[in-house]
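Undergrad: Okay, here's the structure, questions in a sec.
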Amino acid sequence: EAPCLASEGMASATSLAQAAPRCVAVFGGSGFIGRSLVKALCGAGVERVRVVSRSFRPDVRNSLVALGRYDASTGAQQVECVEIGSLGADTAASALEGADAAVNLVAILREDAKKKQTFQNSIIAPASLIAEAAKAAGIKNMVHVSAIGADSSGAAAYSRAKGDAEGAVRSAVPSATIVRPSVVFGAEDQFFNRFSTLVGLFPVIPLFGGGEALFQPVYVHDVATGIVNCLGNDKAQSATFEFGGPDVVSLREVFERVIEYRGLKGRRFLAPVPLRASEILAKTVLKRMPEPLCLTPDQLQLLQQDNVVSTGALTLRDLGVTPSSIAERVPKYIR
């Protein structure tokens, strides 16, 4: 991580202790990004990190608590896990009691009828509930994690949901910071790991939609550090940041790198599937397939648009974070 220029008013995560909020409530903190964020918050000197989720598996709860310190003199843990069952106005308010900052990570990547998960009840409604609860509690220090491409008028339902969620947060807490990452990667990701599974299973990999859309994958630890550096930072209030890594790659190039990292070059082949054929397959077959083969029409729509940081956007570097490259991180966990 590069140190921030003093004139920019940004602090690195390692020096945040001076301005750190005392208690940060992290909604959806038991997930992939959440676990890295909890670790970063603990390391930055936050007195209490409250992880809020519908429920916790015992192993997940234990691993989260282990990320923080234990005060033997008081019996207090730096990390506390709060189960709320379901998110509503009352449970959101209860989870924020005593907190002076909040981070919202609650989201899904695709709708699931069997689990009764929709973009409305799993992205838009949680963002609104958490922001309204923060407003009622007088919490102005809030970070809402969205996604690059968030747009209430976007072509994909996912993008529209992300845009609507941002609007709900901004309406309730105007000082909130919006963070829009590109595809997030790390040892437990659903991006490189998913493609690695496909590469391991099939000698020929279909590139639905052609595979030419661009991505700017960003390392999960860098995302976590960037979020921490937004908290307690006056310069970040009411701002929108777009987080991307140093590499801009097409879906084809992502697969090529995974094939190379797995030592399968020359033994795996990529086959572009035209858009029209991809659309028919997504509507009829692929949406019903199990992971890692599932591809919904909405996800196919997302594969038609670039997922990269906008020109002129505030980025990780404005928060004192030098992002890690794919080559630095991915080969360590893709084998």
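Each chain in the structure tokens gets a letter, A, B and so on, in the order shown; residues start at 1 in every chain, and ligands are counted from 1 in the order they appear.
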Can you list, as a PyMOL selection string, all residues belonging to region 91-324 of chain A that DSSP tags as alpha helix (DSSP H)?
TA: chain A and resi 91-95+119+125-136+157-172+192-201+220-230+251-261+275-284+297-302
Undergrad: Report the closest atom pair, with its distance in Å rounded to one decimal, for each residue of region 218-255 of chain A that has an atom no farther than 12 Å from region 23-30 of chain A; count only C-alpha atoms, sort by chain and then rising residue number, and write it as a tab-separated table.
TA:
```
residue	atom	partner	partner_atom	distance
A:Ala224	CA	A:Gly29	CA	11.2
A:Ile227	CA	A:Val26	CA	11.2
A:Val228	CA	A:Val24	CA	10.1
A:Leu231	CA	A:Val24	CA	9.1
A:Gly232	CA	A:Val24	CA	10.7
```
Undergrad: Name the residues of region 245-280 of chain A that come out as strand (DSSP E or B) in a backbone DSSP run; write them as a PyMOL selection string.
TA: chain A and resi 249-250+269-273
Undergrad: As an exercise, work out the distance from CA of Lys235 (chain A) to CA of Ala136 (chain A) in Å and give it to one decimal place.
TA: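 It comes out at 23.2 Å.
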Undergrad: At most 12 Å is the cut-off: for each residue in region 97-116 of chain A with any atom that close to an atom of region 37-41 of chain A, write down the nearest atom pair and the distance in Å rounded to one decimal, counting only C-alpha atoms, chain first then increasing number, as a Markdown table.
TA:
```
| residue | atom | partner | partner_atom | distance |
| --- | --- | --- | --- | --- |
| A:Ala101 | CA | A:Leu41 | CA | 11.6 |
| A:Ala102 | CA | A:Leu41 | CA | 11.9 |
| A:Val103 | CA | A:Leu37 | CA | 9.6 |
| A:Asn104 | CA | A:Leu37 | CA | 11.2 |
| A:Leu105 | CA | A:Leu37 | CA | 10.0 |
```
